[in-house]
file start.pdb (PDB, C-alpha atoms)
ATOM      1  CA  MET J   8       0.000   0.000   0.000
ATOM      2  CA  HIS J   9       2.922   2.355   0.594
ATOM      3  CA  GLU J  10       4.455   1.409  -2.756
ATOM      4  CA  LEU J  11       3.089   4.623  -4.286
ATOM      5  CA  ALA J  12       5.351   6.719  -2.053
ATOM      6  CA  ILE J  13       8.345   4.576  -2.968
ATOM      7  CA  ALA J  14       7.520   4.734  -6.686
ATOM      8  CA  GLN J  15       7.543   8.526  -6.384
ATOM      9  CA  ASP J  16      10.944   8.413  -4.690
ATOM     10  CA  ILE J  17      12.292   6.219  -7.498
ATOM     11  CA  MET J  18      10.946   8.613 -10.133
ATOM     12  CA  ASP J  19      12.413  11.657  -8.388
ATOM     13  CA  THR J  20      15.806   9.981  -8.030
ATOM     14  CA  VAL J  21      15.943   8.850 -11.642
ATOM     15  CA  LEU J  22      14.836  12.213 -13.031
ATOM     16  CA  ALA J  23      17.388  14.091 -10.918
ATOM     17  CA  GLU J  24      20.117  11.663 -11.946
ATOM     18  CA  ARG J  25      19.207  11.931 -15.612
ATOM     19  CA  ARG J  26      19.351  15.714 -15.476
ATOM     20  CA  SER J  27      22.608  15.990 -13.559
ATOM     21  CA  ARG J  28      24.420  13.392 -15.668
ATOM     22  CA  ARG J  29      22.783  14.454 -18.935
ATOM     23  CA  LEU J  30      21.712  10.938 -19.743
ATOM     24  CA  GLY J  31      19.655   9.938 -22.773
ATOM     25  CA  ALA J  32      16.046   8.831 -22.523
ATOM     26  CA  VAL J  33      15.579   6.131 -19.912
ATOM     27  CA  ARG J  34      14.410   2.738 -21.144
ATOM     28  CA  ALA J  35      14.571   0.684 -17.980
ATOM     29  CA  ILE J  36      15.258   1.063 -14.267
ATOM     30  CA  TYR J  37      16.805  -1.826 -12.335
ATOM     31  CA  VAL J  38      15.984  -1.930  -8.657
ATOM     32  CA  THR J  39      16.954  -4.307  -5.864
ATOM     33  CA  ALA J  40      14.639  -4.478  -2.863
ATOM     34  CA  ALA J  41      16.172  -6.053   0.237
ATOM     35  CA  ALA J  42      14.396  -8.858   2.070
ATOM     36  CA  MET J  43      13.018  -6.639   4.847
ATOM     37  CA  SER J  44      12.080  -3.738   2.586
ATOM     38  CA  CYS J  45       8.340  -4.502   2.835
ATOM     39  CA  ILE J  46       8.012  -4.172  -0.942
ATOM     40  CA  GLN J  47       5.585  -6.092  -3.063
ATOM     41  CA  PRO J  48       7.163  -5.897  -6.545
ATOM     42  CA  GLU J  49       3.920  -6.065  -8.542
ATOM     43  CA  ALA J  50       2.368  -3.284  -6.470
ATOM     44  CA  LEU J  51       5.473  -1.150  -6.908
ATOM     45  CA  LYS J  52       5.372  -1.690 -10.686
ATOM     46  CA  SER J  53       1.714  -0.695 -10.900
ATOM     47  CA  ALA J  54       2.325   2.388  -8.768
ATOM     48  CA  PHE J  55       5.264   3.370 -10.948
ATOM     49  CA  GLU J  56       3.267   2.943 -14.163
ATOM     50  CA  LEU J  57       0.519   5.107 -12.763
ATOM     51  CA  LEU J  58       2.867   7.909 -11.737
ATOM     52  CA  ALA J  59       4.931   7.750 -14.922
ATOM     53  CA  GLU J  60       1.907   8.316 -17.157
ATOM     54  CA  ARG J  61       2.328  11.473 -19.193
ATOM     55  CA  SER J  62       5.761  12.108 -17.670
ATOM     56  CA  GLU J  63       9.142  11.668 -19.337
ATOM     57  CA  LEU J  64       9.296   8.241 -17.723
ATOM     58  CA  GLU J  65       6.099   6.968 -19.361
ATOM     59  CA  GLY J  66       6.592   3.461 -20.711
ATOM     60  CA  VAL J  67       9.862   2.932 -18.842
ATOM     61  CA  ARG J  68      10.372  -0.639 -17.642
ATOM     62  CA  LEU J  69      10.834  -1.067 -13.902
ATOM     63  CA  GLU J  70      12.691  -4.296 -13.130
ATOM     64  CA  ILE J  71      12.606  -5.254  -9.463
ATOM     65  CA  ALA J  72      14.729  -7.951  -7.894
ATOM     66  CA  LYS J  73      13.352  -8.766  -4.479
ATOM     67  CA  LEU J  74      15.904 -10.556  -2.338
ATOM     68  CA  PRO J  75      14.489 -13.502  -0.415
ATOM     69  CA  MET J  76      14.360 -13.541   3.335
ATOM     70  CA  VAL J  77      16.804 -16.025   4.799
ATOM     71  CA  ALA J  78      16.807 -17.796   8.134
ATOM     72  CA  ILE J  79      20.198 -18.676   9.595
ATOM     73  CA  CYS J  80      20.694 -21.307  12.277
ATOM     74  CA  ASP J  81      22.568 -19.753  15.208
ATOM     75  CA  ARG J  82      24.226 -23.091  15.951
ATOM     76  CA  CYS J  83      25.308 -24.662  12.645
ATOM     77  CA  GLY J  84      24.895 -21.742  10.238
ATOM     78  CA  ALA J  85      22.607 -23.608   7.831
ATOM     79  CA  LEU J  86      20.395 -21.390   5.663
ATOM     80  CA  PHE J  87      16.663 -21.848   5.074
ATOM     81  CA  ASP J  88      13.593 -20.246   3.656
ATOM     82  CA  PRO J  89      12.086 -18.997   6.930
ATOM     83  CA  ARG J  90       8.515 -19.357   5.731
ATOM     84  CA  ALA J  91       8.990 -23.050   5.206
ATOM     85  CA  VAL J  92      10.667 -24.165   8.408
ATOM     86  CA  ALA J  93       9.838 -24.694  12.047
ATOM     87  CA  GLN J  94      11.336 -23.005  15.087
ATOM     88  CA  VAL J  95      14.288 -25.304  15.390
ATOM     89  CA  CYS J  96      16.967 -25.859  12.779
ATOM     90  CA  PRO J  97      16.020 -28.921  10.655
ATOM     91  CA  THR J  98      19.695 -29.669   9.953
ATOM     92  CA  CYS J  99      21.264 -29.799  13.415
ATOM     93  CA  GLY J 100      17.985 -30.018  15.336
ATOM     94  CA  GLU J 101      19.300 -27.678  18.021
ATOM     95  CA  GLY J 102      19.980 -24.159  16.860
ATOM     96  CA  ARG J 103      17.462 -21.358  16.793
ATOM     97  CA  LEU J 104      16.735 -19.659  13.518
ATOM     98  CA  ASN J 105      17.390 -15.962  13.045
ATOM     99  CA  PHE J 106      15.996 -14.022  10.126
ATOM    100  CA  SER J 107      18.448 -12.044   8.180
ATOM    101  CA  GLY J 108      17.824  -9.230   5.766
ATOM    102  CA  GLU J 109      18.326  -5.554   5.126
ATOM    103  CA  THR J 110      15.594  -2.997   4.584
ATOM    104  CA  GLU J 111      16.908  -0.797   1.804
ATOM    105  CA  ILE J 112      15.799  -0.299  -1.755
ATOM    106  CA  ILE J 113      18.536   0.456  -4.264
ATOM    107  CA  ILE J 114      18.436   1.630  -7.862
ATOM    108  CA  ASP J 115      21.241  -0.468  -9.320
ATOM    109  CA  SER J 116      21.336   0.893 -12.834
ATOM    110  CA  LEU J 117      19.478   2.546 -15.681
ATOM    111  CA  GLU J 118      19.228   1.463 -19.271
ATOM    112  CA  VAL J 119      19.353   4.623 -21.364
ATOM    113  CA  GLU J 120      19.408   5.599 -25.033
ATOM    114  CA  GLU J 121      22.640   6.896 -26.556
ATOM    115  CA  ASN J 122      23.360  10.584 -25.904
ATOM    116  CA  ALA J 123      21.103  13.134 -24.344
TER     117      ALA J 123
ATOM    118  CA  MET E  28      21.680   0.499 -25.267
ATOM    119  CA  PRO E  29      24.162   1.535 -22.578
ATOM    120  CA  ASP E  30      23.616   0.481 -19.031
ATOM    121  CA  VAL E  31      24.393   3.251 -16.565
ATOM    122  CA  PRO E  32      25.341   2.027 -13.098
ATOM    123  CA  LEU E  33      23.684   4.026 -10.369
ATOM    124  CA  ALA E  34      23.827   2.170  -7.031
ATOM    125  CA  ARG E  35      21.630   4.815  -5.450
ATOM    126  CA  LYS E  36      19.842   4.005  -2.248
ATOM    127  CA  ILE E  37      16.279   5.257  -2.303
ATOM    128  CA  VAL E  38      15.919   7.955   0.273
ATOM    129  CA  SER E  39      12.361   8.765   1.077
ATOM    130  CA  LYS E  40      11.336  12.345   0.522
ATOM    131  CA  PHE E  41      10.241  12.205   4.129
ATOM    132  CA  ALA E  42      13.832  11.618   5.260
ATOM    133  CA  GLU E  43      14.489  15.321   5.794
ATOM    134  CA  PHE E  44      11.341  15.641   7.906
ATOM    135  CA  ALA E  45      12.382  12.584   9.913
ATOM    136  CA  GLU E  46      15.801  14.094  10.477
ATOM    137  CA  ALA E  47      14.303  17.428  11.561
ATOM    138  CA  ASN E  48      11.947  15.628  13.974
ATOM    139  CA  GLU E  49      14.839  13.621  15.368
ATOM    140  CA  LYS E  50      16.838  16.799  15.971
ATOM    141  CA  LEU E  51      13.896  18.467  17.672
ATOM    142  CA  PHE E  52      13.375  15.443  19.957
ATOM    143  CA  LEU E  53      17.073  15.489  20.766
ATOM    144  CA  LYS E  54      17.198  19.235  21.436
ATOM    145  CA  ASN E  55      14.230  18.990  23.799
ATOM    146  CA  ARG E  56      15.354  15.646  25.233
ATOM    147  CA  VAL E  57      12.017  14.002  24.524
ATOM    148  CA  PHE E  58      12.131  10.205  24.453
ATOM    149  CA  THR E  59       9.996   9.269  21.450
ATOM    150  CA  VAL E  60       8.463   5.857  20.896
ATOM    151  CA  ASN E  61       6.754   4.665  17.722
ATOM    152  CA  LEU E  62       4.144   2.000  18.569
ATOM    153  CA  MET E  63       3.209  -0.370  15.756
ATOM    154  CA  SER E  64       0.743  -3.248  15.632
ATOM    155  CA  SER E  65      -2.165  -4.803  13.810
ATOM    156  CA  PRO E  66      -5.533  -3.116  14.340
ATOM    157  CA  GLY E  67      -7.118  -4.108  17.639
ATOM    158  CA  SER E  68      -4.032  -5.313  19.479
ATOM    159  CA  GLY E  69      -4.605  -2.748  22.226
ATOM    160  CA  LYS E  70      -2.183   0.099  21.520
ATOM    161  CA  THR E  71      -4.582   2.778  22.760
ATOM    162  CA  SER E  72      -5.507   0.729  25.837
ATOM    163  CA  LEU E  73      -1.812   0.270  26.586
ATOM    164  CA  ILE E  74      -1.317   4.045  26.418
ATOM    165  CA  GLU E  75      -4.383   4.553  28.630
ATOM    166  CA  ARG E  76      -2.788   2.235  31.194
ATOM    167  CA  THR E  77       0.607   3.911  30.837
ATOM    168  CA  ILE E  78      -0.669   7.448  31.557
ATOM    169  CA  PRO E  79      -1.724   6.990  35.215
ATOM    170  CA  GLU E  80       1.302   4.788  35.911
ATOM    171  CA  LEU E  81       3.701   7.553  34.852
ATOM    172  CA  ALA E  82       1.568  10.440  36.112
ATOM    173  CA  GLY E  83       3.478  12.940  38.245
ATOM    174  CA  ARG E  84       6.874  11.563  37.184
ATOM    175  CA  VAL E  85       6.911  11.801  33.394
ATOM    176  CA  LYS E  86       5.401  14.602  31.317
ATOM    177  CA  MET E  87       3.989  12.970  28.238
ATOM    178  CA  ALA E  88       1.955  13.564  25.099
ATOM    179  CA  VAL E  89       0.528  11.242  22.488
ATOM    180  CA  ILE E  90       0.166  11.331  18.720
ATOM    181  CA  GLU E  91      -2.645   9.126  17.462
ATOM    182  CA  GLY E  92      -2.554   7.844  13.896
ATOM    183  CA  ASP E  93      -5.765   6.496  12.408
ATOM    184  CA  ILE E  94      -7.292   6.226   8.989
ATOM    185  CA  GLU E  95     -10.443   8.035  10.157
ATOM    186  CA  THR E  96     -11.944   9.648  13.308
ATOM    187  CA  ASP E  97     -10.397  11.266  16.383
ATOM    188  CA  ARG E  98     -11.824   8.651  18.738
ATOM    189  CA  ASP E  99      -8.408   7.572  20.014
ATOM    190  CA  ALA E 100      -7.160  11.111  20.676
ATOM    191  CA  ARG E 101     -10.359  11.809  22.633
ATOM    192  CA  ARG E 102      -9.728   8.702  24.745
ATOM    193  CA  ILE E 103      -6.268  10.034  25.624
ATOM    194  CA  ARG E 104      -7.430  13.619  26.258
ATOM    195  CA  ALA E 105     -10.052  12.270  28.648
ATOM    196  CA  LEU E 106      -7.108  11.290  30.869
ATOM    197  CA  GLY E 107      -5.780  14.844  30.912
ATOM    198  CA  ILE E 108      -2.944  14.275  28.465
ATOM    199  CA  LYS E 109      -2.238  16.281  25.327
ATOM    200  CA  ALA E 110      -3.020  14.269  22.211
ATOM    201  CA  ALA E 111      -2.757  15.174  18.545
ATOM    202  CA  GLN E 112      -4.838  13.166  16.108
ATOM    203  CA  ILE E 113      -3.552  12.443  12.622
ATOM    204  CA  THR E 114      -6.174  11.037  10.271
ATOM    205  CA  THR E 115      -4.522   9.653   7.182
ATOM    206  CA  HIS E 116      -7.760   9.225   5.163
ATOM    207  CA  GLY E 117      -6.708   5.925   3.701
ATOM    208  CA  ALA E 118      -2.935   5.969   3.988
ATOM    209  CA  CYS E 119      -1.746   2.871   5.792
ATOM    210  CA  HIS E 120       1.050   4.432   7.851
ATOM    211  CA  LEU E 121       2.265   7.668   9.409
ATOM    212  CA  ASP E 122       5.105   9.529   7.734
ATOM    213  CA  ALA E 123       7.570  12.008   9.187
ATOM    214  CA  LYS E 124       5.869  14.995   7.571
ATOM    215  CA  MET E 125       2.545  14.201   9.252
ATOM    216  CA  ILE E 126       4.366  14.063  12.601
ATOM    217  CA  SER E 127       6.135  17.329  11.907
ATOM    218  CA  ASN E 128       2.776  19.003  11.168
ATOM    219  CA  VAL E 129       1.308  18.250  14.599
ATOM    220  CA  LEU E 130       4.345  18.785  16.835
ATOM    221  CA  GLU E 131       3.416  22.410  17.441
ATOM    222  CA  GLU E 132       0.154  21.369  19.131
ATOM    223  CA  LEU E 133       2.050  19.380  21.726
ATOM    224  CA  SER E 134       4.399  21.900  23.415
ATOM    225  CA  ILE E 135       7.286  19.579  22.771
ATOM    226  CA  ASP E 136       9.691  21.677  24.887
ATOM    227  CA  GLN E 137       7.747  20.729  28.011
ATOM    228  CA  LEU E 138       7.730  16.966  27.440
ATOM    229  CA  ASP E 139       9.755  13.993  28.644
ATOM    230  CA  LEU E 140       8.004  11.331  26.609
ATOM    231  CA  LEU E 141       6.159  11.279  23.293
ATOM    232  CA  LEU E 142       4.229   8.166  22.346
ATOM    233  CA  ILE E 143       3.290   7.856  18.693
ATOM    234  CA  GLU E 144       0.547   5.347  17.999
ATOM    235  CA  ASN E 145       0.924   4.362  14.379
ATOM    236  CA  VAL E 146      -1.928   3.295  12.097
ATOM    237  CA  GLY E 147      -2.970  -0.282  12.872
ATOM    238  CA  ASN E 148      -0.973  -2.205  10.284
ATOM    239  CA  LEU E 149       1.937  -4.598  10.702
ATOM    240  CA  VAL E 150       3.464  -4.050   7.283
ATOM    241  CA  CYS E 151       3.935  -0.498   6.021
ATOM    242  CA  PRO E 152       4.745   1.492   9.181
ATOM    243  CA  ALA E 153       7.958  -0.542   9.548
ATOM    244  CA  ASN E 154       9.223   1.206   6.428
ATOM    245  CA  PHE E 155       8.773   4.775   7.586
ATOM    246  CA  PHE E 156      11.188   6.375  10.048
ATOM    247  CA  LEU E 157       9.485   9.221  11.869
ATOM    248  CA  GLY E 158      12.499  10.496  13.822
ATOM    249  CA  GLU E 159      11.722   8.335  16.868
ATOM    250  CA  ASP E 160      14.249   6.993  19.365
ATOM    251  CA  THR E 161      12.794   3.564  19.452
ATOM    252  CA  ARG E 162      10.135   1.322  17.973
ATOM    253  CA  VAL E 163       7.856  -0.990  19.843
ATOM    254  CA  VAL E 164       5.692  -3.644  18.269
ATOM    255  CA  VAL E 165       2.533  -4.626  20.124
ATOM    256  CA  ALA E 166       1.107  -8.072  19.426
ATOM    257  CA  SER E 167      -1.935  -9.449  21.195
ATOM    258  CA  VAL E 168      -2.518 -13.025  22.198
ATOM    259  CA  PRO E 169      -5.690 -13.627  20.093
ATOM    260  CA  GLU E 170      -3.754 -12.732  16.937
ATOM    261  CA  GLY E 171      -1.896 -16.031  17.263
ATOM    262  CA  ASP E 172       1.628 -17.063  18.175
ATOM    263  CA  ASP E 173       2.865 -17.165  14.593
ATOM    264  CA  LYS E 174       2.534 -13.401  13.931
ATOM    265  CA  PRO E 175       6.291 -12.716  14.120
ATOM    266  CA  LEU E 176       6.923 -15.349  11.451
ATOM    267  CA  LYS E 177       4.285 -13.886   9.174
ATOM    268  CA  TYR E 178       5.293 -10.241   9.662
ATOM    269  CA  PRO E 179       9.006 -10.351  10.524
ATOM    270  CA  GLU E 180       9.731  -6.810   9.289
ATOM    271  CA  ALA E 181       7.846  -5.091  12.112
ATOM    272  CA  PHE E 182       9.602  -7.229  14.743
ATOM    273  CA  HIS E 183      12.985  -6.963  13.045
ATOM    274  CA  GLY E 184      13.163  -3.196  13.480
ATOM    275  CA  SER E 185      11.730  -2.943  16.990
ATOM    276  CA  ARG E 186      13.548  -2.568  20.288
ATOM    277  CA  ALA E 187      10.745  -4.130  22.284
ATOM    278  CA  CYS E 188       7.688  -6.296  21.807
ATOM    279  CA  VAL E 189       4.648  -5.971  24.045
ATOM    280  CA  ILE E 190       2.631  -9.177  24.180
ATOM    281  CA  ASN E 191      -0.749  -7.773  25.109
ATOM    282  CA  LYS E 192      -4.011  -9.400  26.302
ATOM    283  CA  ILE E 193      -1.859 -11.996  28.057
ATOM    284  CA  ASP E 194      -4.858 -12.796  30.302
ATOM    285  CA  LEU E 195      -6.516 -14.430  27.264
ATOM    286  CA  ALA E 196      -3.719 -16.964  26.768
ATOM    287  CA  PRO E 197      -5.562 -19.812  28.560
ATOM    288  CA  TYR E 198      -8.609 -19.382  26.313
ATOM    289  CA  VAL E 199      -6.986 -19.346  22.904
ATOM    290  CA  ASN E 200      -4.355 -21.509  21.295
ATOM    291  CA  PHE E 201      -1.383 -19.330  22.102
ATOM    292  CA  ASP E 202       1.966 -20.880  22.953
ATOM    293  CA  LEU E 203       4.034 -18.154  24.625
ATOM    294  CA  LEU E 204       7.310 -19.996  24.167
ATOM    295  CA  HIS E 205       6.551 -20.517  20.495
ATOM    296  CA  PHE E 206       5.759 -16.823  20.141
ATOM    297  CA  LYS E 207       8.923 -15.701  21.912
ATOM    298  CA  ASN E 208      11.081 -17.983  19.785
ATOM    299  CA  ALA E 209       9.472 -16.553  16.683
ATOM    300  CA  VAL E 210      10.043 -12.977  17.904
ATOM    301  CA  ARG E 211      13.698 -13.728  18.591
ATOM    302  CA  ALA E 212      14.066 -15.277  15.158
ATOM    303  CA  ALA E 213      13.020 -11.972  13.655
ATOM    304  CA  ASN E 214      15.120 -10.010  16.144
ATOM    305  CA  PRO E 215      17.491 -11.711  18.600
ATOM    306  CA  ARG E 216      17.995  -8.538  20.669
ATOM    307  CA  ILE E 217      14.359  -7.629  21.191
ATOM    308  CA  LEU E 218      12.949  -7.156  24.703
ATOM    309  CA  THR E 219       9.542  -8.630  25.514
ATOM    310  CA  PHE E 220       6.847  -7.486  27.936
ATOM    311  CA  GLU E 221       3.745  -9.492  28.779
ATOM    312  CA  THR E 222       0.830  -7.209  29.554
ATOM    313  CA  SER E 223      -2.892  -7.147  30.091
ATOM    314  CA  CYS E 224      -4.658  -3.803  29.998
ATOM    315  CA  ARG E 225      -7.679  -5.478  31.610
ATOM    316  CA  THR E 226      -5.908  -6.882  34.683
ATOM    317  CA  GLY E 227      -2.963  -4.472  34.690
ATOM    318  CA  ALA E 228      -0.427  -7.310  34.525
ATOM    319  CA  GLY E 229       2.999  -6.285  33.276
ATOM    320  CA  ILE E 230       2.158  -2.572  33.049
ATOM    321  CA  THR E 231       4.643  -1.672  35.793
ATOM    322  CA  GLU E 232       7.523  -3.411  33.979
ATOM    323  CA  TRP E 233       6.581  -1.790  30.673
ATOM    324  CA  CYS E 234       6.419   1.662  32.284
ATOM    325  CA  ARG E 235       9.713   1.133  34.083
ATOM    326  CA  TRP E 236      11.326   0.489  30.717
ATOM    327  CA  LEU E 237       9.783   3.660  29.273
ATOM    328  CA  GLU E 238      11.089   5.616  32.260
ATOM    329  CA  GLU E 239      14.573   4.211  31.705
ATOM    330  CA  GLY E 240      14.340   5.492  28.133
ATOM    331  CA  VAL E 241      13.253   8.904  29.392
ATOM    332  CA  THR E 242      16.155   9.015  31.851
ATOM    333  CA  ALA E 243      18.642   7.928  29.185
ATOM    334  CA  LYS E 244      17.379  10.577  26.791
ATOM    335  CA  LYS E 245      17.600  13.265  29.483
ATOM    336  CA  SER E 246      21.203  12.350  30.188
ATOM    337  CA  GLY E 247      22.020  12.319  26.497
ATOM    338  CA  LEU E 248      22.301   8.558  26.191
ATOM    339  CA  ALA E 249      19.359   7.913  23.881
ATOM    340  CA  SER E 250      18.560   4.232  23.624
ATOM    341  CA  SER E 251      17.459   2.915  20.293
TER     342      SER E 251
END
call {"tool": "encode", "arguments": {"input": "start.pdb", "output": "C-alpha cells"}}
result
Amino acid sequence: MHELAIAQDIMDTVLAERRSRRLGAVRAIYVTAAAMSCIQPEALKSAFELLAERSELEGVRLEIAKLPMVAICDRCGALFDPRAVAQVCPTCGEGRLNFSGETEIIIDSLEVEENA
Amino acid sequence: MPDVPLARKIVSKFAEFAEANEKLFLKNRVFTVNLMSSPGSGKTSLIERTIPELAGRVKMAVIEGDIETDRDARRIRALGIKAAQITTHGACHLDAKMISNVLEELSIDQLDLLLIENVGNLVCPANFFLGEDTRVVVASVPEGDDKPLKYPEAFHGSRACVINKIDLAPYVNFDLLHFKNAVRAANPRILTFETSCRTGAGITEWCRWLEEGVTAKKSGLASS
C-alpha cells in the first residue's frame, strides 16, 4: 500500500540523476529491494506505471529484484527459507533460527538511449 | 543500449522531515516511541494504562494515527494528556511529515516522553522512520503465536515487543514460548513485555522500561 510513495521516490531519483548526468532517454530502471524492505514488486510496478503516465518516464520498464528472506541457524549456520521451516533448525535439530535481511531499496542501474 | 550504473539508495522524501523531527526530539530531550501493531491489538488501551502509571513523574503527550476519526485522541485527552490526532484518510502508515505538522500542538519543549501510535498495520509502518528513538511492536494473544513469522519486518526493526491481552492466553491456542522464539528469530535482541490492559499485569515493567528510556534521553544517552 505504501508502494506509491516509494515509486515517487524512485521517479524523483531517476529524473534528478538523468538531469545531472545528462543521460539519454531512460528505457529501464533496475531496482533491488532487500528482504526486509516490505516491498511487493507487482504493487510497486503498478504504482510506478501510474505515476509515470504522461511524464518523461512513461513506458519505462521497472525491473525489481526482491531478495528472499533467509533464516540462519545460530548453531550450525545452515540457511533456510524462513517461511517453510519450524522453530528449530532442521539440519542440526538444536539451533534457533534468526531471520536475516536488510531494509533498503537500491536503484542499481538505468538502461538509457545513446546521448542526451 | 548503454547500461548506466547508479547504485543509489532510495531515500524517502520524508527523510528530511524525519531528520528534523529527530533533531527536535534530541534538542528537547524528549524520548519518542513509535508503537506499531495490527488493528485491535490494544495500543490505545496500553497508552491509557501507561498514563496513570507515569503520572506525576513523566510529562507525556501522544500522537494518534488512524485512517479516520479522532476517537483515540479523545480517549487520551479524557485522561488529561495532550493528544494530537492524525487522520490519514486511507494511507496505511504515518510519515515524518505528518508528525512534523502536529508537533506544534504538543508543546514539545515541556515533554519527557512522546508516544506515537501508528496506524494499525503490521506491514507499512515498519518502512517509515518518523524520527523516533525507538520502535515498539505490540502483538496481542488472540492474533496467534505465529505473527512474528508472518510479519518479521515489524519485529525486526523494533527494540521491544509488548505481548498484550496476556490474560486471554488460557482461552486461545497461544503458545508463549513458540511466540517468543518466533520474535527472537526476527530479532534476537528484542525485549519482551507481557501485559494485560484489563488486569494491569505487566504494566509496571513496561512503564519502568519507558522511564529508563526517558532518563537515558535526558542524560544524552538515547537508547534505540
call {"tool": "closest_residue", "arguments": {"input": "start.pdb", "among": "J:Leu58, J:Met76, J:Ala41, J:Leu64", "to": "Val21 in chain J", "atoms": "only C-alpha atoms"}}
result
J:Leu64
call {"tool": "atom_distance", "arguments": {"input": "start.pdb", "atom1": "CA of Ile13 in chain J", "atom2": "CA of Ala50 in chain J"}}
result
10.5 Å
call {"tool": "atom_distance", "arguments": {"input": "start.pdb", "atom1": "CA of Ala110 in chain E", "atom2": "CA of Asn48 in chain E"}}
result
17.1 Å
call {"tool": "interface_residues", "arguments": {"input": "start.pdb", "of": "chain J", "to": "chain E", "cutoff": "6 Å", "atoms": "all atoms listed in the file", "output": "ChimeraX atom specification"}}
result
/J:16,43,104-106,112-120
call {"tool": "write_last_selection", "arguments": {"input": "start.pdb", "atoms": "C-alpha atoms", "output": "mmCIF file, in the frame of the given file"}}
result
data_model
loop_
_atom_site.group_PDB
_atom_site.id
_atom_site.type_symbol
_atom_site.label_atom_id
_atom_site.label_comp_id
_atom_site.auth_asym_id
_atom_site.auth_seq_id
_atom_site.Cartn_x
_atom_site.Cartn_y
_atom_site.Cartn_z
ATOM 1 C CA ASP J 16 10.944 8.413 -4.690
ATOM 2 C CA MET J 43 13.018 -6.639 4.847
ATOM 3 C CA LEU J 104 16.735 -19.659 13.518
ATOM 4 C CA ASN J 105 17.390 -15.962 13.045
ATOM 5 C CA PHE J 106 15.996 -14.022 10.126
ATOM 6 C CA ILE J 112 15.799 -0.299 -1.755
ATOM 7 C CA ILE J 113 18.536 0.456 -4.264
ATOM 8 C CA ILE J 114 18.436 1.630 -7.862
ATOM 9 C CA ASP J 115 21.241 -0.468 -9.320
ATOM 10 C CA SER J 116 21.336 0.893 -12.834
ATOM 11 C CA LEU J 117 19.478 2.546 -15.681
ATOM 12 C CA GLU J 118 19.228 1.463 -19.271
ATOM 13 C CA VAL J 119 19.353 4.623 -21.364
ATOM 14 C CA GLU J 120 19.408 5.599 -25.033
#
call {"tool": "atom_distance", "arguments": {"input": "start.pdb", "atom1": "CA of Ala40 in chain J", "atom2": "CA of Lys52 in chain J"}}
result
12.4 Å
call {"tool": "resolve_selection", "arguments": {"input": "start.pdb", "expression": "the PyMOL selection byres ((chain E and resi 80) around 8)", "output": "ChimeraX atom specification"}}
result
/E:76-79,81-82,230-231,234
call {"tool": "axis_aligned_box", "arguments": {"input": "start.pdb", "around": "range 70-84 of chain J", "padding_each_side": "8 Å", "output": "lines of an AutoDock Vina configuration file"}}
result
center_x = 19.0
center_y = -14.5
center_z = 1.4
size_x = 28.7
size_y = 36.4
size_z = 45.1
call {"tool": "residues_around", "arguments": {"input": "start.pdb", "residues": "Trp233 in chain E", "least_positions_apart": "5", "cutoff": "9 Å", "atoms": "all atoms listed in the file", "output": "ChimeraX atom specification"}}
result
/E:77,189,220-222,238
call {"tool": "write_last_selection", "arguments": {"input": "start.pdb", "atoms": "C-alpha atoms", "output": "CSV table (one decimal), keeping the file's coordinate frame"}}
result
chain,number,residue,atom,x,y,z
E,77,THR,CA,0.6,3.9,30.8
E,189,VAL,CA,4.6,-6.0,24.0
E,220,PHE,CA,6.8,-7.5,27.9
E,221,GLU,CA,3.7,-9.5,28.8
E,222,THR,CA,0.8,-7.2,29.6
E,238,GLU,CA,11.1,5.6,32.3
call {"tool": "closest_residue", "arguments": {"input": "start.pdb", "among": "E:Gly247, E:Gly171, E:Gly240, E:Gly158", "to": "Phe44 in chain E", "atoms": "only C-alpha atoms"}}
result
E:Gly158
call {"tool": "closest_residue", "arguments": {"input": "start.pdb", "among": "E:Ala100, E:Val163, E:Val129, E:Val146", "to": "Thr115 in chain E", "atoms": "only C-alpha atoms"}}
result
E:Val146
call {"tool": "resolve_selection", "arguments": {"input": "start.pdb", "expression": "the PyMOL selection byres ((chain E and resi 91) around 6)", "output": "list of chain:residue names"}}
result
E:Ile90, E:Gly92, E:Ala100, E:Gln112, E:Ile113, E:Glu144
call {"tool": "resolve_selection", "arguments": {"input": "start.pdb", "expression": "the PyMOL selection byres ((chain E and resi 192) around 6)", "output": "MDAnalysis selection string"}}
result
chainID E and resid 167:168 191 193:195 223
call {"tool": "closest_residue", "arguments": {"input": "start.pdb", "among": "E:Lys70, E:Arg56, E:His116, E:Lys245", "to": "Ile190 in chain E", "atoms": "all atoms listed in the file"}}
result
E:Lys70
call {"tool": "closest_residue", "arguments": {"input": "start.pdb", "among": "J:Cys96, J:Ala23, J:Leu69, J:Leu51", "to": "Asp81 in chain J", "atoms": "all atoms listed in the file"}}
result
J:Cys96
call {"tool": "closest_residue", "arguments": {"input": "start.pdb", "among": "J:Met18, J:Ala42, J:Val33, J:Ala54", "to": "Ala78 in chain J", "atoms": "all atoms listed in the file"}}
result
J:Ala42
call {"tool": "residues_around", "arguments": {"input": "start.pdb", "residues": "Thr161 in chain E", "least_positions_apart": "2", "cutoff": "7 Å", "atoms": "only C-alpha atoms", "output": "JSON, numbers by chain"}}
result
{"E": [59, 60, 61, 159, 163, 186, 251]}
call {"tool": "decode", "arguments": {"input": "start.pdb", "residues": "range 50-55 of chain E", "atoms": "N, CA and C atoms", "output": "short mmCIF file (atom, residue, chain, number, x, y, z; two decimals), in the first residue's frame"}}
result
data_model
loop_
_atom_site.label_atom_id
_atom_site.label_comp_id
_atom_site.auth_asym_id
_atom_site.auth_seq_id
_atom_site.Cartn_x
_atom_site.Cartn_y
_atom_site.Cartn_z
N LYS E 50 16.05 15.71 15.37
CA LYS E 50 16.84 16.80 15.97
C LYS E 50 16.04 17.54 17.03
N LEU E 51 14.77 17.76 16.73
CA LEU E 51 13.90 18.47 17.67
C LEU E 51 13.71 17.64 18.95
N PHE E 52 13.53 16.33 18.79
CA PHE E 52 13.38 15.44 19.96
C PHE E 52 14.66 15.43 20.78
N LEU E 53 15.78 15.50 20.08
CA LEU E 53 17.07 15.49 20.77
C LEU E 53 17.29 16.80 21.53
N LYS E 54 17.00 17.90 20.84
CA LYS E 54 17.20 19.24 21.44
C LYS E 54 16.36 19.37 22.72
N ASN E 55 15.13 18.86 22.66
CA ASN E 55 14.23 18.99 23.80
C ASN E 55 14.29 17.80 24.74
#
